[in-house]
$ cat protein32.csv   # CSV, C-alpha atoms
chain,number,residue,atom,x,y,z
A,1,MET,CA,114.0,39.7,108.2
A,2,SER,CA,110.9,37.9,107.2
A,3,ASN,CA,108.4,39.2,104.7
A,4,THR,CA,105.6,37.7,106.8
A,5,LEU,CA,105.7,40.5,109.4
A,6,PRO,CA,102.3,41.7,110.6
A,7,VAL,CA,101.0,44.5,108.2
A,8,SER,CA,97.9,46.5,107.5
A,9,ASN,CA,96.2,47.8,104.4
A,10,ILE,CA,97.1,51.5,103.9
A,11,ASN,CA,93.6,52.2,102.6
A,12,SER,CA,92.1,51.2,105.9
A,13,ILE,CA,94.3,53.8,107.7
A,14,TYR,CA,94.4,57.0,105.5
A,15,ASP,CA,92.1,58.5,103.0
A,16,ASP,CA,93.1,58.6,99.3
A,17,ALA,CA,94.9,62.0,99.5
A,18,MET,CA,97.0,61.0,102.6
A,19,THR,CA,97.7,57.6,101.1
A,20,GLN,CA,99.3,59.2,98.1
A,21,ILE,CA,101.4,61.5,100.3
A,22,TYR,CA,102.3,58.5,102.5
A,23,HIS,CA,103.8,56.7,99.5
A,24,LEU,CA,105.7,59.8,98.4
A,25,MET,CA,107.5,59.8,101.7
A,26,PHE,CA,109.5,56.7,100.7
A,27,ALA,CA,110.5,58.0,97.2
A,28,ASP,CA,110.6,54.4,95.9
A,29,HIS,CA,108.4,54.9,92.8
A,30,LEU,CA,109.8,57.3,90.2
A,31,ALA,CA,106.4,57.6,88.4
A,32,ASP,CA,104.9,59.2,91.5
A,33,PHE,CA,107.3,62.2,91.0
A,34,LYS,CA,106.4,62.9,87.3
A,35,ASP,CA,106.1,66.6,88.1
A,36,LEU,CA,109.9,66.7,88.7
A,37,GLU,CA,110.7,65.8,85.1
A,38,THR,CA,111.0,69.5,84.0
A,39,PHE,CA,113.6,70.1,86.7
A,40,PHE,CA,115.4,66.7,86.6
A,41,PRO,CA,114.9,65.2,83.1
A,42,GLU,CA,117.9,63.0,83.7
A,43,LEU,CA,115.9,61.0,86.3
A,44,PHE,CA,113.2,60.1,83.7
A,45,ALA,CA,115.4,59.6,80.6
A,46,GLU,CA,115.0,56.2,79.1
A,47,GLU,CA,118.8,55.9,78.9
A,48,SER,CA,120.1,58.2,81.7
A,49,ASP,CA,123.7,59.2,81.9
A,50,LYS,CA,125.4,57.8,85.0
A,51,LEU,CA,127.5,60.9,85.5
A,52,ASP,CA,124.4,63.1,85.4
A,53,LEU,CA,122.6,60.8,87.8
A,54,SER,CA,125.6,60.7,90.1
A,55,ALA,CA,125.7,64.5,90.1
A,56,ILE,CA,122.1,64.6,91.3
A,57,ALA,CA,122.5,61.8,93.9
A,58,TYR,CA,125.6,63.3,95.6
A,59,ASP,CA,124.5,67.0,95.5
A,60,LYS,CA,123.5,67.8,99.1
A,61,ASP,CA,121.7,71.0,97.9
A,62,ASN,CA,119.1,68.8,96.2
A,63,GLU,CA,116.0,67.7,98.0
A,64,SER,CA,116.7,64.3,99.8
A,65,ARG,CA,113.9,62.5,98.0
A,66,VAL,CA,115.3,63.6,94.6
A,67,ARG,CA,118.7,62.2,95.6
A,68,ILE,CA,117.0,58.9,96.6
A,69,LEU,CA,115.4,58.7,93.2
A,70,ALA,CA,118.8,59.3,91.5
A,71,PHE,CA,120.4,56.6,93.6
A,72,ARG,CA,117.6,54.2,92.7
A,73,ARG,CA,118.2,54.9,89.0
A,74,LEU,CA,121.9,54.3,89.4
A,75,LYS,CA,121.2,51.0,91.2
A,76,GLU,CA,119.0,49.9,88.3
A,77,MET,CA,122.0,50.5,86.0
A,78,GLY,CA,124.1,48.3,88.3
A,79,ILE,CA,126.0,51.2,89.9
A,80,THR,CA,126.2,51.0,93.6
A,81,THR,CA,128.5,52.3,96.4
A,82,ASP,CA,129.7,51.0,99.8
A,83,GLU,CA,129.0,54.5,101.1
A,84,LYS,CA,125.8,54.6,103.1
A,85,ASN,CA,124.2,58.0,102.5
A,86,LEU,CA,121.3,58.1,105.0
A,87,LEU,CA,118.8,60.4,103.4
A,88,GLY,CA,115.6,59.9,105.4
A,89,VAL,CA,114.2,58.3,108.6
A,90,ILE,CA,110.5,57.4,108.8
A,91,ILE,CA,108.6,56.1,111.8
A,92,GLU,CA,105.1,54.5,111.6
A,93,ASN,CA,103.4,54.1,114.9
A,94,HIS,CA,100.1,52.1,114.3
A,95,PHE,CA,98.1,52.5,117.5
A,96,LYS,CA,96.2,49.6,119.0
A,97,GLU,CA,92.9,51.4,118.5
A,98,GLY,CA,93.6,51.7,114.8
A,99,GLY,CA,95.0,55.1,113.8
A,100,MET,CA,98.6,55.7,112.7
A,101,ASP,CA,101.1,58.5,113.0
A,102,THR,CA,103.7,58.6,110.2
A,103,LEU,CA,106.6,61.0,110.6
A,104,ALA,CA,109.4,61.4,108.0
A,105,ILE,CA,112.5,63.5,108.5
A,106,TYR,CA,115.1,64.0,105.7
A,107,ALA,CA,118.8,64.8,105.5
A,108,ASP,CA,117.9,68.2,103.9
A,109,GLY,CA,115.9,69.0,107.1
A,110,GLN,CA,112.4,68.6,105.7
A,111,VAL,CA,109.7,67.1,107.9
A,112,ARG,CA,106.5,65.5,106.8
A,113,TYR,CA,103.9,64.2,109.3
A,114,ILE,CA,100.5,62.5,108.8
A,115,ASN,CA,98.6,62.0,112.0
A,116,GLN,CA,96.0,59.4,112.8
A,117,ALA,CA,93.2,61.9,111.9
A,118,ASN,CA,94.4,62.2,108.3
A,119,LYS,CA,95.9,65.7,108.9
A,120,LEU,CA,99.2,66.6,107.2
A,121,VAL,CA,102.0,68.9,108.5
A,122,VAL,CA,104.9,69.8,106.2
A,123,SER,CA,108.0,71.8,107.1
A,124,GLU,CA,110.5,72.6,104.4
A,125,HIS,CA,113.1,73.3,107.1
A,126,ALA,CA,114.2,71.4,110.2
A,127,ILE,CA,111.9,71.6,113.2
A,128,ASP,CA,114.8,71.1,115.5
A,129,LYS,CA,118.2,70.8,113.8
A,130,ALA,CA,120.0,69.3,116.9
A,131,LEU,CA,117.3,66.8,117.5
A,132,GLN,CA,117.0,65.7,113.9
A,133,ALA,CA,120.8,65.4,113.7
A,134,GLU,CA,120.7,63.1,116.7
A,135,VAL,CA,118.1,60.9,115.0
A,136,PHE,CA,120.4,60.5,112.0
A,137,LYS,CA,123.4,59.8,114.3
A,138,LEU,CA,121.5,57.1,116.2
A,139,SER,CA,120.2,55.6,112.9
A,140,GLN,CA,123.7,55.2,111.4
A,141,ASN,CA,124.5,52.8,114.2
A,142,ILE,CA,121.7,50.4,113.5
A,143,LEU,CA,122.2,50.2,109.7
A,144,PRO,CA,124.9,47.5,109.8
A,145,VAL,CA,122.6,45.3,112.0
A,146,LEU,CA,119.7,45.6,109.6
A,147,GLY,CA,121.0,45.5,106.1
A,148,PRO,CA,119.0,46.5,103.0
A,149,TRP,CA,115.5,45.1,102.3
A,150,ASP,CA,115.6,43.3,99.0
A,151,LYS,CA,111.9,42.9,98.3
A,152,PRO,CA,109.1,45.4,97.5
A,153,ARG,CA,108.3,47.8,100.4
A,154,LEU,CA,105.9,46.3,102.8
A,155,PRO,CA,102.4,47.8,103.6
A,156,PRO,CA,102.2,49.7,106.9
A,157,PRO,CA,102.7,47.8,110.2
A,158,ALA,CA,99.8,46.1,111.9
A,159,ALA,CA,98.0,47.8,114.7
A,160,ASP,CA,100.1,47.9,118.0
A,161,PHE,CA,103.3,47.7,115.9
A,162,LEU,CA,106.0,50.3,115.3
A,163,ARG,CA,108.3,50.4,112.3
A,164,VAL,CA,111.3,52.6,111.7
A,165,THR,CA,112.4,52.9,108.0
A,166,PHE,CA,115.8,54.2,106.9
A,167,LEU,CA,116.2,55.5,103.4
A,168,VAL,CA,119.9,54.8,102.5
A,169,ASN,CA,121.0,55.7,99.0
A,170,GLY,CA,118.3,54.1,96.9
A,171,ASP,CA,117.7,51.3,99.4
A,172,ILE,CA,115.2,50.7,102.3
A,173,TYR,CA,116.3,49.4,105.6
A,174,PHE,CA,113.8,48.9,108.5
A,175,GLY,CA,113.1,47.5,111.9
A,176,GLN,CA,109.6,46.5,113.1
A,177,ALA,CA,108.4,45.3,116.5
A,178,PRO,CA,105.4,45.5,118.8
A,179,THR,CA,105.2,49.0,120.1
A,180,ASP,CA,106.0,48.2,123.7
A,181,VAL,CA,109.0,46.0,122.6
A,182,ALA,CA,110.3,48.7,120.2
A,183,PHE,CA,110.4,51.3,123.0
A,184,GLU,CA,112.4,48.9,125.2
A,185,ASP,CA,114.8,47.7,122.5
A,186,GLU,CA,118.4,48.8,123.0
A,187,MET,CA,118.8,50.1,119.4
A,188,MET,CA,115.3,51.0,118.3
A,189,ALA,CA,114.2,52.8,121.5
A,190,PRO,CA,116.6,55.7,121.3
A,191,ILE,CA,115.6,56.4,117.7
A,192,ALA,CA,111.9,56.0,118.4
A,193,ASN,CA,112.1,58.3,121.4
A,194,ALA,CA,114.1,60.9,119.5
A,195,MET,CA,111.6,60.7,116.6
A,196,LEU,CA,108.7,61.1,119.1
A,197,GLN,CA,110.3,64.3,120.3
A,198,VAL,CA,110.5,65.6,116.7
A,199,LEU,CA,106.9,64.7,116.3
A,200,LEU,CA,105.8,66.6,119.4
A,201,LYS,CA,107.8,69.7,118.2
A,202,THR,CA,106.2,69.3,114.8
A,203,ILE,CA,102.7,69.3,116.4
A,204,GLU,CA,103.6,72.3,118.6
A,205,LYS,CA,104.9,74.3,115.6
A,206,ALA,CA,101.8,73.5,113.6
A,207,SER,CA,99.6,74.5,116.5
A,208,ASN,CA,101.4,77.8,116.9
A,209,SER,CA,101.1,78.5,113.2
A,210,THR,CA,97.4,77.9,113.3
A,211,GLU,CA,96.9,80.2,116.2
A,212,GLU,CA,98.8,83.0,114.4
$ encode --input "protein32.csv" --output "structure tokens"
Amino acid sequence: MSNTLPVSNINSIYDDAMTQIYHLMFADHLADFKDLETFFPELFAEESDKLDLSAIAYDKDNESRVRILAFRRLKEMGITTDEKNLLGVIIENHFKEGGMDTLAIYADGQVRYINQANKLVVSEHAIDKALQAEVFKLSQNILPVLGPWDKPRLPPPAADFLRVTFLVNGDIYFGQAPTDVAFEDEMMAPIANAMLQVLLKTIEKASNSTEE
């Protein structure tokens, strides 16, 4: 996949606060998670123990982004696995008129959503367990086609483009296409549509919480 894909400047899409949260969704910069050092000192140790890191990475009771950080540290130490642990799926839908919806769902059930109006919704638990499980099932099928991205993470997609990112172990996999093409693609469309349903349920839940 080319690194010349159409992209946008994140600062032209979200304000400073939402930009920071947007970057945290991908869990690809350990320094951004400095507040975790008290709870997971092994992640930040200059010479981390591979057994300690492996224990964090493979513990399904840990937050998915913590596990991603541990897998990334292991990879830095040259320790990899053929096992593809899909820990997060993120969709970025950059609308033609300029705003962007970003929705992230994680293997631990958590959901994070930033809408085009710079509003954030966070759910520590699954919005819809069955639907989110379907997203992960569909996503597993596309991973062999994509392969891991071996360059720094790209800026957000350009306007009128859609990108789906898969957080696998400590790696990033992704597919990007014009929005209308993505929703017709044999492999991307089912994932995008399922993610859209999660997004709608997330908005509905947030709306109901506000009314209460």
$ atom_distance --input "protein32.csv" --atom1 "CA of Lys60 (chain A)" --atom2 "CA of Leu167 (chain A)"
14.9 Å
$ residues_around --input "protein32.csv" --residues "Pro41 (chain A)" --least-positions-apart "6" --cutoff "12 Å" --atoms "only C-alpha atoms" --output "mmCIF file with C-alpha atoms, in the coordinates of the input"
data_model
loop_
_atom_site.group_PDB
_atom_site.id
_atom_site.type_symbol
_atom_site.label_atom_id
_atom_site.label_comp_id
_atom_site.auth_asym_id
_atom_site.auth_seq_id
_atom_site.Cartn_x
_atom_site.Cartn_y
_atom_site.Cartn_z
ATOM 1 C CA LEU A 30 109.800 57.300 90.200
ATOM 2 C CA PHE A 33 107.300 62.200 91.000
ATOM 3 C CA LYS A 34 106.400 62.900 87.300
ATOM 4 C CA ASP A 35 106.100 66.600 88.100
ATOM 5 C CA GLU A 47 118.800 55.900 78.900
ATOM 6 C CA SER A 48 120.100 58.200 81.700
ATOM 7 C CA ASP A 49 123.700 59.200 81.900
ATOM 8 C CA ASP A 52 124.400 63.100 85.400
ATOM 9 C CA LEU A 53 122.600 60.800 87.800
ATOM 10 C CA ILE A 56 122.100 64.600 91.300
ATOM 11 C CA VAL A 66 115.300 63.600 94.600
ATOM 12 C CA ALA A 70 118.800 59.300 91.500
#
$ atom_distance --input "protein32.csv" --atom1 "CA of Ala107 (chain A)" --atom2 "CA of Gly175 (chain A)"
19.3 Å
$ closest_residue --input "protein32.csv" --among "A:Val89, A:Ile21, A:Leu69, A:Ala117" --to "Ala192 (chain A)" --atoms "only C-alpha atoms"
A:Val89
$ residues_around --input "protein32.csv" --residues "Met100 (chain A)" --least-positions-apart "6" --cutoff "10 Å" --atoms "all atoms listed in the file" --output "VMD selection string"
chain A and resid 10 13 to 14 92 to 94 114 to 118 156 to 162
$ write_last_selection --input "protein32.csv" --atoms "C-alpha atoms" --output "compact mmCIF listing (two decimals), in the frame of the given file"
# COMPACT_ATOMS: atom_id res chain seq x y z
CA ILE A 10 97.10 51.50 103.90
CA ILE A 13 94.30 53.80 107.70
CA TYR A 14 94.40 57.00 105.50
CA GLU A 92 105.10 54.50 111.60
CA ASN A 93 103.40 54.10 114.90
CA HIS A 94 100.10 52.10 114.30
CA ILE A 114 100.50 62.50 108.80
CA ASN A 115 98.60 62.00 112.00
CA GLN A 116 96.00 59.40 112.80
CA ALA A 117 93.20 61.90 111.90
CA ASN A 118 94.40 62.20 108.30
CA PRO A 156 102.20 49.70 106.90
CA PRO A 157 102.70 47.80 110.20
CA ALA A 158 99.80 46.10 111.90
CA ALA A 159 98.00 47.80 114.70
CA ASP A 160 100.10 47.90 118.00
CA PHE A 161 103.30 47.70 115.90
CA LEU A 162 106.00 50.30 115.30
$ atom_distance --input "protein32.csv" --atom1 "CA of Ile172 (chain A)" --atom2 "CA of Ala57 (chain A)"
15.7 Å
$ closest_residue --input "protein32.csv" --among "A:Val7, A:Thr102, A:Phe39, A:Ile191" --to "Pro155 (chain A)" --atoms "all atoms listed in the file"
A:Val7
$ closest_atom_pairs --input "protein32.csv" --of "region 37-97 of chain A" --to "region 141-153 of chain A" --cutoff "12 Å" --atoms "only C-alpha atoms" --output "JSON lines"
{"residue": "A:Asp82", "atom": "CA", "partner": "A:Pro144", "partner_atom": "CA", "distance": 11.6}
{"residue": "A:Glu83", "atom": "CA", "partner": "A:Leu143", "partner_atom": "CA", "distance": 11.8}
{"residue": "A:Lys84", "atom": "CA", "partner": "A:Leu143", "partner_atom": "CA", "distance": 8.7}
{"residue": "A:Asn85", "atom": "CA", "partner": "A:Leu143", "partner_atom": "CA", "distance": 10.8}
{"residue": "A:Leu86", "atom": "CA", "partner": "A:Leu143", "partner_atom": "CA", "distance": 9.2}
{"residue": "A:Val89", "atom": "CA", "partner": "A:Leu143", "partner_atom": "CA", "distance": 11.4}
$ closest_residue --input "protein32.csv" --among "A:Val121, A:Leu154, A:Leu131, A:Ile91" --to "Ala104 (chain A)" --atoms "all atoms listed in the file"
A:Ile91
$ closest_residue --input "protein32.csv" --among "A:Asn169, A:Gln197, A:Thr19, A:Gln176" --to "Ile68 (chain A)" --atoms "only C-alpha atoms"
A:Asn169
$ closest_residue --input "protein32.csv" --among "A:Ala194, A:Met25, A:Phe166, A:Lys50" --to "Ala130 (chain A)" --atoms "all atoms listed in the file"
A:Ala194
$ closest_residue --input "protein32.csv" --among "A:Glu42, A:Glu124, A:Asp101, A:Glu76" --to "Val164 (chain A)" --atoms "all atoms listed in the file"
A:Asp101
$ decode --input "protein32.csv" --residues "region 159-180 of chain A" --atoms "N, CA and C atoms" --output "PDB file, in the first residue's frame"
ATOM      1  N   ALA A 159     -10.658  14.402   2.792  1.00  0.00           N
ATOM      2  CA  ALA A 159     -12.114  14.531   2.716  1.00  0.00           C
ATOM      3  C   ALA A 159     -12.677  13.622   1.632  1.00  0.00           C
ATOM      4  N   ASP A 160     -13.838  13.032   1.941  1.00  0.00           N
ATOM      5  CA  ASP A 160     -14.528  12.096   1.046  1.00  0.00           C
ATOM      6  C   ASP A 160     -13.803  10.757   0.933  1.00  0.00           C
ATOM      7  N   PHE A 161     -12.957  10.459   1.946  1.00  0.00           N
ATOM      8  CA  PHE A 161     -12.309   9.155   2.025  1.00  0.00           C
ATOM      9  C   PHE A 161     -12.669   8.495   3.349  1.00  0.00           C
ATOM     10  N   LEU A 162     -12.621   7.176   3.347  1.00  0.00           N
ATOM     11  CA  LEU A 162     -12.891   6.387   4.543  1.00  0.00           C
ATOM     12  C   LEU A 162     -11.714   5.451   4.784  1.00  0.00           C
ATOM     13  N   ARG A 163     -11.311   5.341   6.038  1.00  0.00           N
ATOM     14  CA  ARG A 163     -10.220   4.436   6.394  1.00  0.00           C
ATOM     15  C   ARG A 163     -10.652   3.551   7.557  1.00  0.00           C
ATOM     16  N   VAL A 164     -10.331   2.276   7.471  1.00  0.00           N
ATOM     17  CA  VAL A 164     -10.530   1.355   8.595  1.00  0.00           C
ATOM     18  C   VAL A 164      -9.160   0.854   9.024  1.00  0.00           C
ATOM     19  N   THR A 165      -8.840   1.047  10.301  1.00  0.00           N
ATOM     20  CA  THR A 165      -7.553   0.635  10.858  1.00  0.00           C
ATOM     21  C   THR A 165      -7.763  -0.522  11.815  1.00  0.00           C
ATOM     22  N   PHE A 166      -6.868  -1.488  11.736  1.00  0.00           N
ATOM     23  CA  PHE A 166      -6.937  -2.671  12.593  1.00  0.00           C
ATOM     24  C   PHE A 166      -5.678  -2.706  13.461  1.00  0.00           C
ATOM     25  N   LEU A 167      -5.866  -2.751  14.760  1.00  0.00           N
ATOM     26  CA  LEU A 167      -4.747  -2.791  15.703  1.00  0.00           C
ATOM     27  C   LEU A 167      -4.490  -4.246  16.058  1.00  0.00           C
ATOM     28  N   VAL A 168      -3.402  -4.778  15.516  1.00  0.00           N
ATOM     29  CA  VAL A 168      -3.088  -6.204  15.634  1.00  0.00           C
ATOM     30  C   VAL A 168      -1.772  -6.358  16.378  1.00  0.00           C
ATOM     31  N   ASN A 169      -1.804  -6.986  17.556  1.00  0.00           N
ATOM     32  CA  ASN A 169      -0.623  -7.031  18.413  1.00  0.00           C
ATOM     33  C   ASN A 169      -0.136  -5.584  18.575  1.00  0.00           C
ATOM     34  N   GLY A 170       1.085  -5.294  18.161  1.00  0.00           N
ATOM     35  CA  GLY A 170       1.577  -3.921  18.207  1.00  0.00           C
ATOM     36  C   GLY A 170       1.649  -3.281  16.842  1.00  0.00           C
ATOM     37  N   ASP A 171       0.991  -3.888  15.848  1.00  0.00           N
ATOM     38  CA  ASP A 171       1.058  -3.412  14.475  1.00  0.00           C
ATOM     39  C   ASP A 171      -0.234  -2.727  14.050  1.00  0.00           C
ATOM     40  N   ILE A 172      -0.113  -1.932  12.999  1.00  0.00           N
ATOM     41  CA  ILE A 172      -1.256  -1.265  12.382  1.00  0.00           C
ATOM     42  C   ILE A 172      -1.464  -1.844  10.988  1.00  0.00           C
ATOM     43  N   TYR A 173      -2.688  -2.280  10.742  1.00  0.00           N
ATOM     44  CA  TYR A 173      -3.120  -2.689   9.407  1.00  0.00           C
ATOM     45  C   TYR A 173      -4.224  -1.694   9.022  1.00  0.00           C
ATOM     46  N   PHE A 174      -4.361  -1.370   7.741  1.00  0.00           N
ATOM     47  CA  PHE A 174      -5.481  -0.506   7.385  1.00  0.00           C
ATOM     48  C   PHE A 174      -5.832  -0.618   5.915  1.00  0.00           C
ATOM     49  N   GLY A 175      -7.068  -0.211   5.637  1.00  0.00           N
ATOM     50  CA  GLY A 175      -7.540  -0.084   4.269  1.00  0.00           C
ATOM     51  C   GLY A 175      -8.180   1.279   4.110  1.00  0.00           C
ATOM     52  N   GLN A 176      -7.953   1.928   2.972  1.00  0.00           N
ATOM     53  CA  GLN A 176      -8.513   3.261   2.720  1.00  0.00           C
ATOM     54  C   GLN A 176      -9.008   3.336   1.290  1.00  0.00           C
ATOM     55  N   ALA A 177     -10.138   4.024   1.113  1.00  0.00           N
ATOM     56  CA  ALA A 177     -10.701   4.198  -0.222  1.00  0.00           C
ATOM     57  C   ALA A 177     -11.657   5.381  -0.205  1.00  0.00           C
ATOM     58  N   PRO A 178     -11.986   5.928  -1.390  1.00  0.00           N
ATOM     59  CA  PRO A 178     -13.066   6.916  -1.422  1.00  0.00           C
ATOM     60  C   PRO A 178     -14.300   6.332  -0.743  1.00  0.00           C
ATOM     61  N   THR A 179     -15.040   7.156  -0.048  1.00  0.00           N
ATOM     62  CA  THR A 179     -16.140   6.648   0.773  1.00  0.00           C
ATOM     63  C   THR A 179     -17.118   5.804  -0.027  1.00  0.00           C
ATOM     64  N   ASP A 180     -17.517   6.271  -1.199  1.00  0.00           N
ATOM     65  CA  ASP A 180     -18.500   5.514  -1.979  1.00  0.00           C
ATOM     66  C   ASP A 180     -17.930   4.173  -2.430  1.00  0.00           C
TER      67      ASP A 180
END
